[in-house]
Protein chains: 2
Amino acid sequence: MNKNRVTITDIASELNISPSTVSRALKDHPGLRKETKDAVRALAEKWDYQPNLLALSLLHRKSNTIGVIVPEITSHFFSAIITGIQDVVGKSDYNIMICLSNESYDEEVVLVKKLMNMQIDGVLVSTSSETENFDHLRKLQKNGIPVVVFDRDCPGLEADKVLVDDYSGAFQAVEYLIATGCKNIAHLGGPLNLSTTGHRLNGYLDALKKNNMPIREEYIVHVPGFSHKDGSKPAKKLIQLDNPPDAIFAMNDNIAISAMHVAKKMGLRIPEDISILGFDDEPHSSFFTPPLSTVWQPVYSIGMLSARILLSHLNSPDTVLEYRKEIFIPELVIRSSSKAN
Amino acid sequence: MNKNRVTITDIASELNISPSTVSRALKDHPGLRKETKDAVRALAEKWDYQPNLLALSLLHRKSNTIGVIVPEITSHFFSAIITGIQDVVGKSDYNIMICLSNESYDEEVVLVKKLMNMQIDGVLVSTSSETENFDHLRKLQKNGIPVVVFDRDCPGLEADKVLVDDYSGAFQAVEYLIATGCKNIAHLGGPLNLSTTGHRLNGYLDALKKNNMPIREEYIVHVPGFSHKDGSKPAKKLIQLDNPPDAIFAMNDNIAISAMHVAKKMGLRIPEDISILGFDDEPHSSFFTPPLSTVWQPVYSIGMLSARILLSHLNSPDTVLEYRKEIFIPELVIRSSSKAN
DNA sequence: TTGTATGCGTTATCAG
DNA sequence: CTGATAACGCATACAA
């Protein structure tokens, strides 16, 4: 930051008028002599005066900045959500400050504290996969900072929430697999203690139960992370079972693709020998061989709605009467990695 | 932002001491009675005092924030760069403020202005594909804000630059295609007036020239954008030529994959009938059928180095003697969408 | 050992 | 129509 930026005071002293007059001229206050107004503006223009937003924030006790905390941005999922957030917030007079927790609870806590101290006005957050305690978010709320949680639910936290019905997505997926004749359906689940993981697992289990299919422990494997490399070993483990599955419902597209790769390398035909179904519907997914069947989530809308809810709080002075809980229903996208109906 | 956060003055008046004493106690100044220090700390703890970073920034004329401007974050390319930036900056006492220009010059200009007014201390920027004039960046420099440009060069702008040798990447790619027997090599180029587009095109042209291969206008098509959908029509156009190419060098993996899809749908075998080569080496690329040959770029390193250079300026008080220009050499990754050597 | 005064850049309030 | 003053929260030079 340059130590010599031109200030309102600089203009004032050059023109031999008071800073307040300059301030008023710049803001087009009524009841100012046209001459002074013009003089100020001319000089401001000439010297390229720029207001110091920091001073304004301090004065108004309002930074006009929204903190956005996500676990990572390399997946299409979160980057698309952020794009949705940005597109909404960009039209308001707020800015966003994007922070990455790196899937770490400790880093998330540090970030929240830092954002609070930076006096941000509100927070949009999707917690890390390690996060089980939400006191850091409650502290924000206690300090009058509205919090909107998206995608990953925070059980027990009272806040606005924009979620996806993962249970429904998983249920739809598994019912579809059953309807197409799959008898031994396995599940590659996500890291435990993540709300989405649990909901998808429950959807899987309930679909089996509803259709009177046995639940087999060895068909449920949880992967340690969200990227391709995390999927291959668990997939191999499933396929090498004595009684191998004829379908795999994976917790996301990366894992599904990894499973597809493993299955093909082991000589299985997809979907004849094994159906594979993902979750997310990333842009790449239709280009694989075979094109991946998956569950589509309205990522962009999640971002937009979360941002809109937060902005509505920021613009309404009073405290909230009741928290909103918005749940998007994901949709099955059937391509060719699963048998036709 | 809560209007009633506890301040140093609150603690001072509760303890009947002066704010400066509280300030000193909190910062562990030497020459303070242990009792007062303890009393202050106890109350600060009890009331959960948090410093107001805005006030500090204003006072020190230093926001400890770095602005990061990128065209978008949904591609793996930029999101991985940002992750690299974050991993370096996160270890310093700076924060990053990520801004998306949405590939728009106008939005980029607005962002730069906003960041400047927010008193950010430095900027990392990859300009939009529309940007041809860099006065907005020069203005930052004129105000003492160091600028580091990454990936997309800004011709004529004197600043630190962290670039990729796109020319070399393209040259390597095309020479390889020639070496494997391709005679009719087409190029799906990026949006014009982007430095990377020009460099890759030149690498393509020079490789052809060096090997005495004819350059055919109709083999060079520029796509309007960076995603899959932007590639299919241009790819079809190439393949439907009277004298269709036996190789396509695409400007990125998305376009390459799109081309591969089109080629397969039109009954071509890859790589027997047509070799296809991409650029970027995204995580998905090895999972396609056939696995995509491409040019790898050190995305994470680009981010880290850019951040390190900026931080070094921020930490050294004096102005720069000379700008750094760091150029990474990309590497060919041969998989199976191109003939073996 | 602690308190007072000042300033960072801006604006609202009250005087004039 | 315009100026002086105070305040936002904090740190520091200077005073005591």
# chains A, B, ... in the order shown; residues from 1 in each chain; ligands from 1
>>> residues_around(residues="region 20-28 of chain B", least_positions_apart="4", cutoff="7 Å", atoms="only C-alpha atoms (C1' of nucleotides)", output="list of chain:residue names")
B:Ile8, B:Ala12, B:Lys37, B:Val40, B:Arg41, C:DT2
>>> write_last_selection(atoms="N, CA and C atoms (P, O5', C5', C4', C3', O3' and C1' of nucleotides)", output="mmCIF file, in the first residue's frame")
data_model
loop_
_atom_site.group_PDB
_atom_site.id
_atom_site.type_symbol
_atom_site.label_atom_id
_atom_site.label_comp_id
_atom_site.auth_asym_id
_atom_site.auth_seq_id
_atom_site.Cartn_x
_atom_site.Cartn_y
_atom_site.Cartn_z
ATOM 1 N N ILE B 8 -10.600 -2.494 23.170
ATOM 2 C CA ILE B 8 -9.563 -2.195 24.154
ATOM 3 C C ILE B 8 -10.050 -1.161 25.162
ATOM 4 N N ALA B 12 -10.310 -1.220 29.223
ATOM 5 C CA ALA B 12 -9.651 -0.159 29.982
ATOM 6 C C ALA B 12 -10.587 0.454 31.012
ATOM 7 N N LYS B 37 -0.880 -6.531 33.896
ATOM 8 C CA LYS B 37 -0.843 -7.369 32.712
ATOM 9 C C LYS B 37 -1.796 -8.554 32.867
ATOM 10 N N VAL B 40 -5.494 -7.516 32.823
ATOM 11 C CA VAL B 40 -5.964 -7.227 31.468
ATOM 12 C C VAL B 40 -6.196 -8.521 30.706
ATOM 13 N N ARG B 41 -5.227 -9.384 30.786
ATOM 14 C CA ARG B 41 -5.333 -10.624 30.025
ATOM 15 C C ARG B 41 -6.503 -11.467 30.486
ATOM 16 P P DT C 2 1.325 -0.698 35.801
ATOM 17 O "O5'" DT C 2 1.010 0.721 35.187
ATOM 18 C "C5'" DT C 2 0.395 1.700 35.990
ATOM 19 C "C4'" DT C 2 0.286 2.977 35.214
ATOM 20 C "C3'" DT C 2 -0.788 2.975 34.125
ATOM 21 O "O3'" DT C 2 -1.868 3.739 34.626
ATOM 22 C "C1'" DT C 2 1.173 4.181 33.510
#
>>> residues_around(residues="region 2-14 of chain D", least_positions_apart="4", cutoff="10 Å", atoms="only C-alpha atoms (C1' of nucleotides)", output="tab-separated table (two decimals) with N, CA, C and O atoms (P, O5', C5', C4', C3', O3' and C1' of nucleotides), in the first residue's frame")
chain	number	residue	atom	x	y	z
A	17	ILE	N	-9.92	24.70	1.76
A	17	ILE	CA	-11.26	24.50	2.31
A	17	ILE	C	-11.17	23.35	3.31
A	17	ILE	O	-10.09	22.78	3.49
A	18	SER	N	-12.26	23.03	3.94
A	18	SER	CA	-12.19	21.99	4.97
A	18	SER	C	-12.46	20.61	4.37
A	18	SER	O	-13.14	20.48	3.35
A	19	PRO	N	-11.93	19.62	5.00
A	19	PRO	CA	-12.14	18.25	4.54
A	19	PRO	C	-13.62	17.91	4.39
A	19	PRO	O	-14.00	17.19	3.47
A	20	SER	N	-14.43	18.39	5.30
A	20	SER	CA	-15.84	18.04	5.22
A	20	SER	C	-16.45	18.57	3.93
A	20	SER	O	-17.31	17.91	3.33
A	21	THR	N	-16.05	19.72	3.53
A	21	THR	CA	-16.58	20.26	2.28
A	21	THR	C	-16.18	19.39	1.10
A	21	THR	O	-16.98	19.12	0.21
A	31	GLY	N	-26.88	21.65	-1.46
A	31	GLY	CA	-26.51	22.84	-0.70
A	31	GLY	C	-25.02	23.09	-0.68
A	31	GLY	O	-24.42	23.33	0.37
A	32	LEU	N	-24.44	23.01	-1.85
A	32	LEU	CA	-23.01	23.34	-1.97
A	32	LEU	C	-22.89	24.26	-3.17
A	32	LEU	O	-23.54	24.03	-4.19
A	33	ARG	N	-22.03	25.25	-3.05
A	33	ARG	CA	-21.86	26.16	-4.17
A	33	ARG	C	-21.28	25.37	-5.35
A	33	ARG	O	-20.37	24.57	-5.17
A	55	ALA	N	-11.00	3.07	5.88
A	55	ALA	CA	-11.45	4.12	6.79
A	55	ALA	C	-12.98	4.11	6.87
A	55	ALA	O	-13.56	4.26	7.94
A	56	LEU	N	-13.59	3.92	5.72
A	56	LEU	CA	-15.05	3.90	5.70
A	56	LEU	C	-15.59	2.72	6.50
A	56	LEU	O	-16.56	2.85	7.25
A	57	SER	N	-14.95	1.58	6.32
A	57	SER	CA	-15.41	0.40	7.04
A	57	SER	C	-15.30	0.61	8.55
A	57	SER	O	-16.19	0.26	9.31
A	58	LEU	N	-14.19	1.18	8.95
A	58	LEU	CA	-13.98	1.41	10.38
A	58	LEU	C	-15.05	2.36	10.91
A	58	LEU	O	-15.67	2.11	11.94
A	59	LEU	N	-15.27	3.41	10.16
A	59	LEU	CA	-16.24	4.41	10.57
A	59	LEU	C	-17.65	3.84	10.66
A	59	LEU	O	-18.36	4.04	11.63
A	60	HIS	N	-18.03	3.10	9.64
A	60	HIS	CA	-19.39	2.58	9.59
A	60	HIS	C	-19.54	1.25	10.32
A	60	HIS	O	-20.63	0.69	10.35
A	61	ARG	N	-18.45	0.74	10.81
A	61	ARG	CA	-18.47	-0.58	11.45
A	61	ARG	C	-19.10	-1.62	10.52
A	61	ARG	O	-19.97	-2.40	10.95
B	7	THR	N	-13.93	-3.83	22.89
B	7	THR	CA	-12.73	-3.15	22.41
B	7	THR	C	-11.74	-2.96	23.56
B	7	THR	O	-12.05	-3.20	24.74
B	8	ILE	N	-10.60	-2.49	23.17
B	8	ILE	CA	-9.56	-2.20	24.15
B	8	ILE	C	-10.05	-1.16	25.16
B	8	ILE	O	-9.71	-1.21	26.35
B	9	THR	N	-10.84	-0.23	24.69
B	9	THR	CA	-11.36	0.82	25.56
B	9	THR	C	-12.34	0.24	26.59
B	9	THR	O	-12.36	0.70	27.75
B	19	PRO	N	-6.48	2.97	27.90
B	19	PRO	CA	-6.45	2.06	26.75
B	19	PRO	C	-5.02	1.68	26.36
B	19	PRO	O	-4.78	0.55	25.94
B	20	SER	N	-4.12	2.61	26.47
B	20	SER	CA	-2.76	2.30	26.04
B	20	SER	C	-2.16	1.20	26.90
B	20	SER	O	-1.44	0.33	26.41
B	23	SER	N	-3.51	-1.99	25.67
B	23	SER	CA	-2.84	-2.33	24.42
B	23	SER	C	-1.48	-2.96	24.71
B	23	SER	O	-1.13	-3.98	24.15
B	24	ARG	N	-0.76	-2.31	25.60
B	24	ARG	CA	0.58	-2.83	25.93
B	24	ARG	C	0.52	-4.20	26.59
B	24	ARG	O	1.30	-5.10	26.28
B	51	PRO	N	-8.98	-8.38	18.39
B	51	PRO	CA	-8.53	-7.11	17.80
B	51	PRO	C	-9.28	-6.79	16.52
B	51	PRO	O	-9.65	-7.69	15.77
B	52	ASN	N	-9.48	-5.54	16.28
B	52	ASN	CA	-10.13	-5.09	15.05
B	52	ASN	C	-9.06	-4.85	13.99
B	52	ASN	O	-8.35	-3.86	14.00
B	53	LEU	N	-8.98	-5.81	13.07
B	53	LEU	CA	-7.94	-5.74	12.05
B	53	LEU	C	-8.11	-4.53	11.12
B	53	LEU	O	-7.13	-4.04	10.54
B	54	LEU	N	-9.34	-4.08	11.00
B	54	LEU	CA	-9.59	-2.90	10.16
B	54	LEU	C	-8.88	-1.68	10.74
B	54	LEU	O	-8.23	-0.92	10.02
B	55	ALA	N	-9.03	-1.52	12.04
B	55	ALA	CA	-8.40	-0.38	12.70
B	55	ALA	C	-6.88	-0.46	12.57
B	55	ALA	O	-6.21	0.55	12.32
B	56	LEU	N	-6.38	-1.66	12.71
B	56	LEU	CA	-4.93	-1.84	12.59
B	56	LEU	C	-4.45	-1.53	11.18
B	56	LEU	O	-3.41	-0.88	10.99
B	57	SER	N	-5.22	-1.97	10.21
B	57	SER	CA	-4.83	-1.72	8.83
B	57	SER	C	-4.81	-0.22	8.54
B	57	SER	O	-3.90	0.29	7.90
B	58	LEU	N	-5.81	0.44	9.03
B	58	LEU	CA	-5.87	1.88	8.80
B	58	LEU	C	-4.69	2.57	9.46
B	58	LEU	O	-4.02	3.41	8.86
B	59	LEU	N	-4.43	2.16	10.67
B	59	LEU	CA	-3.32	2.76	11.42
B	59	LEU	C	-1.98	2.52	10.74
B	59	LEU	O	-1.18	3.43	10.58
B	60	HIS	N	-1.77	1.30	10.36
B	60	HIS	CA	-0.47	0.94	9.78
B	60	HIS	C	-0.40	1.19	8.28
B	60	HIS	O	0.64	0.97	7.67
C	4	DT	P	-5.01	10.06	31.66
C	4	DT	O5'	-4.20	10.90	30.55
C	4	DT	C5'	-3.05	11.64	30.90
C	4	DT	C4'	-2.61	12.48	29.70
C	4	DT	C3'	-3.73	12.90	28.76
C	4	DT	O3'	-3.47	14.21	28.31
C	4	DT	C1'	-2.16	11.60	27.55
C	5	DA	P	-4.46	14.96	27.35
C	5	DA	O5'	-3.66	14.80	25.98
C	5	DA	C5'	-2.23	14.97	25.97
C	5	DA	C4'	-1.73	14.86	24.54
C	5	DA	C3'	-2.68	15.37	23.47
C	5	DA	O3'	-1.90	15.99	22.46
C	5	DA	C1'	-2.25	13.07	23.09
C	6	DT	P	-2.64	16.67	21.22
C	6	DT	O5'	-2.34	15.61	20.07
C	6	DT	C5'	-0.99	15.18	19.86
C	6	DT	C4'	-0.95	14.14	18.76
C	6	DT	C3'	-1.88	14.45	17.59
C	6	DT	O3'	-1.13	14.39	16.40
C	6	DT	C1'	-2.16	12.22	18.33
C	7	DG	P	-1.68	15.06	15.09
C	7	DG	O5'	-1.77	13.81	14.11
C	7	DG	C5'	-0.73	12.85	14.09
C	7	DG	C4'	-1.27	11.56	13.52
C	7	DG	C3'	-2.29	11.77	12.38
C	7	DG	O3'	-1.88	11.02	11.25
C	7	DG	C1'	-3.14	10.26	13.99
C	8	DC	P	-2.39	11.45	9.80
C	8	DC	O5'	-2.81	10.06	9.18
C	8	DC	C5'	-2.00	8.90	9.26
C	8	DC	C4'	-2.88	7.69	9.14
C	8	DC	C3'	-4.12	7.93	8.27
C	8	DC	O3'	-3.82	7.57	6.93
C	8	DC	C1'	-4.63	6.69	10.30
C	10	DT	P	-9.98	9.42	2.41
C	10	DT	O5'	-11.33	9.50	3.23
C	10	DT	C5'	-12.08	8.30	3.39
C	10	DT	C4'	-13.18	8.51	4.40
C	10	DT	C3'	-14.15	9.64	4.06
C	10	DT	O3'	-15.31	9.04	3.48
C	10	DT	C1'	-13.63	9.52	6.41
C	11	DT	P	-16.49	9.99	2.97
C	11	DT	O5'	-17.34	10.21	4.30
C	11	DT	C5'	-17.98	9.10	4.90
C	11	DT	C4'	-18.68	9.55	6.17
C	11	DT	C3'	-19.78	10.60	5.97
C	11	DT	O3'	-20.84	10.22	6.82
C	11	DT	C1'	-18.25	11.37	7.56
C	12	DA	P	-22.33	10.68	6.45
C	12	DA	O5'	-23.02	10.76	7.89
C	12	DA	C5'	-22.44	10.09	9.00
C	12	DA	C4'	-22.79	10.81	10.29
C	12	DA	C3'	-24.01	11.72	10.24
C	12	DA	O3'	-24.65	11.68	11.52
C	12	DA	C1'	-22.09	13.04	10.68
C	13	DT	P	-26.02	12.47	11.76
C	13	DT	O5'	-25.58	13.61	12.78
C	13	DT	C5'	-24.67	13.29	13.84
C	13	DT	C4'	-24.26	14.58	14.54
C	13	DT	C3'	-25.36	15.63	14.61
C	13	DT	O3'	-25.41	16.18	15.92
C	13	DT	C1'	-23.41	16.56	13.65
C	14	DC	P	-26.74	17.01	16.37
C	14	DC	O5'	-26.05	18.33	16.92
C	14	DC	C5'	-24.68	18.28	17.37
C	14	DC	C4'	-23.98	19.56	17.03
C	14	DC	C3'	-24.88	20.81	17.12
C	14	DC	O3'	-24.24	21.76	17.95
C	14	DC	C1'	-23.65	20.81	15.11
C	15	DA	P	-25.12	22.89	18.63
C	15	DA	O5'	-24.19	24.14	18.27
C	15	DA	C5'	-23.68	24.14	16.97
C	15	DA	C4'	-22.38	24.91	16.89
C	15	DA	C3'	-22.61	26.41	16.92
C	15	DA	O3'	-21.40	27.06	17.27
C	15	DA	C1'	-22.21	25.66	14.67
C	16	DG	P	-21.47	28.65	17.49
C	16	DG	O5'	-21.25	29.29	16.05
C	16	DG	C5'	-19.96	29.24	15.44
C	16	DG	C4'	-20.09	29.72	14.00
C	16	DG	C3'	-20.72	31.11	13.86
C	16	DG	O3'	-19.83	31.97	13.18
C	16	DG	C1'	-21.61	29.57	12.30
>>> interface_residues(of="chain B", to="chain A", cutoff="7 Å", atoms="only C-alpha atoms", output="VMD selection string")
chain B and resid 1 to 3 50 to 55 58 61 to 62 73 to 74 76 79 to 80 97 to 98 117 to 121 143 to 145 261 287 to 289
>>> closest_residue(among="B:Val147, B:Ile334, B:Val88, B:Leu292", to="Asn252 (chain B)", atoms="only C-alpha atoms")
B:Leu292
>>> select_by_dssp(residues="region 156-328 of chain A", states="alpha helix (DSSP H)", output="MDAnalysis selection string")
chainID A and resid 166:179 195:210 228:239 253:265 299:315
>>> atom_distance(atom1="CA of Val89 (chain B)", atom2="CA of Leu310 (chain B)")
9.6 Å
>>> residues_around(residues="region 241-251 of chain B", least_positions_apart="2", cutoff="8 Å", atoms="only C-alpha atoms (C1' of nucleotides)", output="PyMOL selection string")
chain B and resi 173-174+177+182-190+197+200+219+237-239+253+255-256+273-279
>>> closest_residue(among="B:Arg335, B:Arg152, B:His222, B:Lys209", to="Ser126 (chain B)", atoms="only C-alpha atoms")
B:Arg152
>>> closest_residue(among="B:Asp93, B:Glu130, B:Glu35, B:Glu326", to="chain C", atoms="only C-alpha atoms (C1' of nucleotides)")
B:Glu35
>>> atom_distance(atom1="CA of Val149 (chain A)", atom2="CA of Asn315 (chain A)")
18.3 Å
>>> select_by_dssp(residues="region 68-191 of chain A", states="strand (DSSP E or B)", output="ChimeraX atom specification")
/A:68-70,95-100,122-125,147-150,160-164,185-189
>>> write_last_selection(atoms="C-alpha atoms", output="compact mmCIF listing (two decimals), in the first residue's frame")
# COMPACT_ATOMS: atom_id res chain seq x y z
CA VAL A 68 -16.71 -17.70 1.98
CA ILE A 69 -15.13 -20.79 3.48
CA VAL A 70 -14.83 -23.97 1.42
CA ASN A 95 -17.28 -8.32 -1.89
CA ILE A 96 -16.40 -11.88 -1.15
CA MET A 97 -13.33 -13.16 0.53
CA ILE A 98 -12.76 -16.80 -0.44
CA CYS A 99 -10.91 -18.96 2.06
CA LEU A 100 -9.79 -22.57 1.77
CA GLY A 122 -21.45 -12.41 7.00
CA VAL A 123 -20.19 -15.90 6.30
CA LEU A 124 -21.01 -18.61 3.78
CA VAL A 125 -19.49 -21.89 4.82
CA VAL A 147 -23.93 -17.59 8.87
CA VAL A 148 -25.30 -19.56 5.95
CA VAL A 149 -24.22 -23.17 5.71
CA PHE A 150 -24.26 -24.87 2.32
CA ASP A 160 -29.66 -20.90 7.47
CA LYS A 161 -28.88 -23.93 5.42
CA VAL A 162 -28.83 -24.62 1.72
CA LEU A 163 -28.47 -28.33 1.24
CA VAL A 164 -28.88 -31.05 -1.27
CA ILE A 185 -25.00 -53.38 -5.35
CA ALA A 186 -21.93 -52.03 -3.60
CA HIS A 187 -21.31 -48.54 -2.30
CA LEU A 188 -18.08 -46.57 -2.32
CA GLY A 189 -18.89 -44.04 0.38
>>> residues_around(residues="Tyr167 (chain A)", least_positions_apart="5", cutoff="12 Å", atoms="only C-alpha atoms (C1' of nucleotides)", output="list in words")
Gln172, Ala173, Val174, Glu175, Ser195, Thr196, Thr197, Gly198, His199, Arg200, Leu201, Asn202, Gly203, Tyr204, Leu205, Asp206, Ala207, Met251, Phe279, Val295, Ile327, Phe328, Ile329, Pro330 and Glu331 of chain A
>>> write_last_selection(atoms="N, CA and C atoms", output="short mmCIF file (atom, residue, chain, number, x, y, z; two decimals), in the first residue's frame")
data_model
loop_
_atom_site.label_atom_id
_atom_site.label_comp_id
_atom_site.auth_asym_id
_atom_site.auth_seq_id
_atom_site.Cartn_x
_atom_site.Cartn_y
_atom_site.Cartn_z
N GLN A 172 -32.63 -42.64 -5.24
CA GLN A 172 -32.97 -42.72 -6.67
C GLN A 172 -31.98 -43.58 -7.41
N ALA A 173 -30.71 -43.34 -7.14
CA ALA A 173 -29.64 -44.05 -7.86
C ALA A 173 -29.75 -45.54 -7.63
N VAL A 174 -29.91 -45.93 -6.38
CA VAL A 174 -29.91 -47.35 -6.06
C VAL A 174 -31.19 -48.02 -6.52
N GLU A 175 -32.30 -47.33 -6.39
CA GLU A 175 -33.55 -47.90 -6.90
C GLU A 175 -33.45 -48.13 -8.40
N SER A 195 -21.78 -35.07 6.71
CA SER A 195 -23.23 -35.28 6.63
C SER A 195 -23.62 -35.91 5.29
N THR A 196 -23.02 -35.42 4.21
CA THR A 196 -23.38 -35.96 2.89
C THR A 196 -23.10 -37.45 2.81
N THR A 197 -21.99 -37.86 3.36
CA THR A 197 -21.64 -39.29 3.35
C THR A 197 -22.73 -40.11 4.02
N GLY A 198 -23.14 -39.66 5.18
CA GLY A 198 -24.16 -40.38 5.93
C GLY A 198 -25.48 -40.45 5.18
N HIS A 199 -25.88 -39.31 4.63
CA HIS A 199 -27.17 -39.29 3.94
C HIS A 199 -27.16 -40.19 2.71
N ARG A 200 -26.05 -40.18 2.01
CA ARG A 200 -25.99 -41.02 0.80
C ARG A 200 -25.98 -42.50 1.19
N LEU A 201 -25.29 -42.78 2.26
CA LEU A 201 -25.27 -44.16 2.74
C LEU A 201 -26.68 -44.61 3.15
N ASN A 202 -27.37 -43.72 3.84
CA ASN A 202 -28.74 -44.07 4.25
C ASN A 202 -29.66 -44.27 3.05
N GLY A 203 -29.49 -43.43 2.06
CA GLY A 203 -30.29 -43.59 0.85
C GLY A 203 -30.03 -44.94 0.21
N TYR A 204 -28.77 -45.30 0.19
CA TYR A 204 -28.37 -46.60 -0.35
C TYR A 204 -29.01 -47.73 0.44
N LEU A 205 -28.87 -47.65 1.75
CA LEU A 205 -29.40 -48.71 2.61
C LEU A 205 -30.91 -48.83 2.50
N ASP A 206 -31.58 -47.69 2.55
CA ASP A 206 -33.04 -47.72 2.53
C ASP A 206 -33.58 -48.24 1.19
N ALA A 207 -32.90 -47.90 0.11
CA ALA A 207 -33.35 -48.40 -1.19
C ALA A 207 -33.25 -49.93 -1.22
N MET A 251 -19.54 -42.37 -4.39
CA MET A 251 -19.95 -41.14 -3.71
C MET A 251 -19.70 -39.88 -4.54
N PHE A 279 -21.79 -39.46 -8.66
CA PHE A 279 -22.55 -38.40 -8.01
C PHE A 279 -21.82 -37.09 -8.30
N VAL A 295 -25.52 -38.62 -10.59
CA VAL A 295 -26.58 -37.83 -9.98
C VAL A 295 -26.18 -36.36 -10.06
N ILE A 327 -33.69 -27.15 0.58
CA ILE A 327 -33.12 -28.43 0.15
C ILE A 327 -33.38 -28.68 -1.33
N PHE A 328 -32.31 -28.78 -2.07
CA PHE A 328 -32.44 -29.06 -3.50
C PHE A 328 -32.53 -30.57 -3.71
N ILE A 329 -33.36 -30.95 -4.64
CA ILE A 329 -33.46 -32.37 -4.99
C ILE A 329 -32.57 -32.64 -6.20
N PRO A 330 -31.61 -33.54 -6.03
CA PRO A 330 -30.73 -33.85 -7.16
C PRO A 330 -31.45 -34.75 -8.16
N GLU A 331 -30.92 -34.85 -9.36
CA GLU A 331 -31.59 -35.62 -10.41
C GLU A 331 -30.67 -36.67 -11.01
#
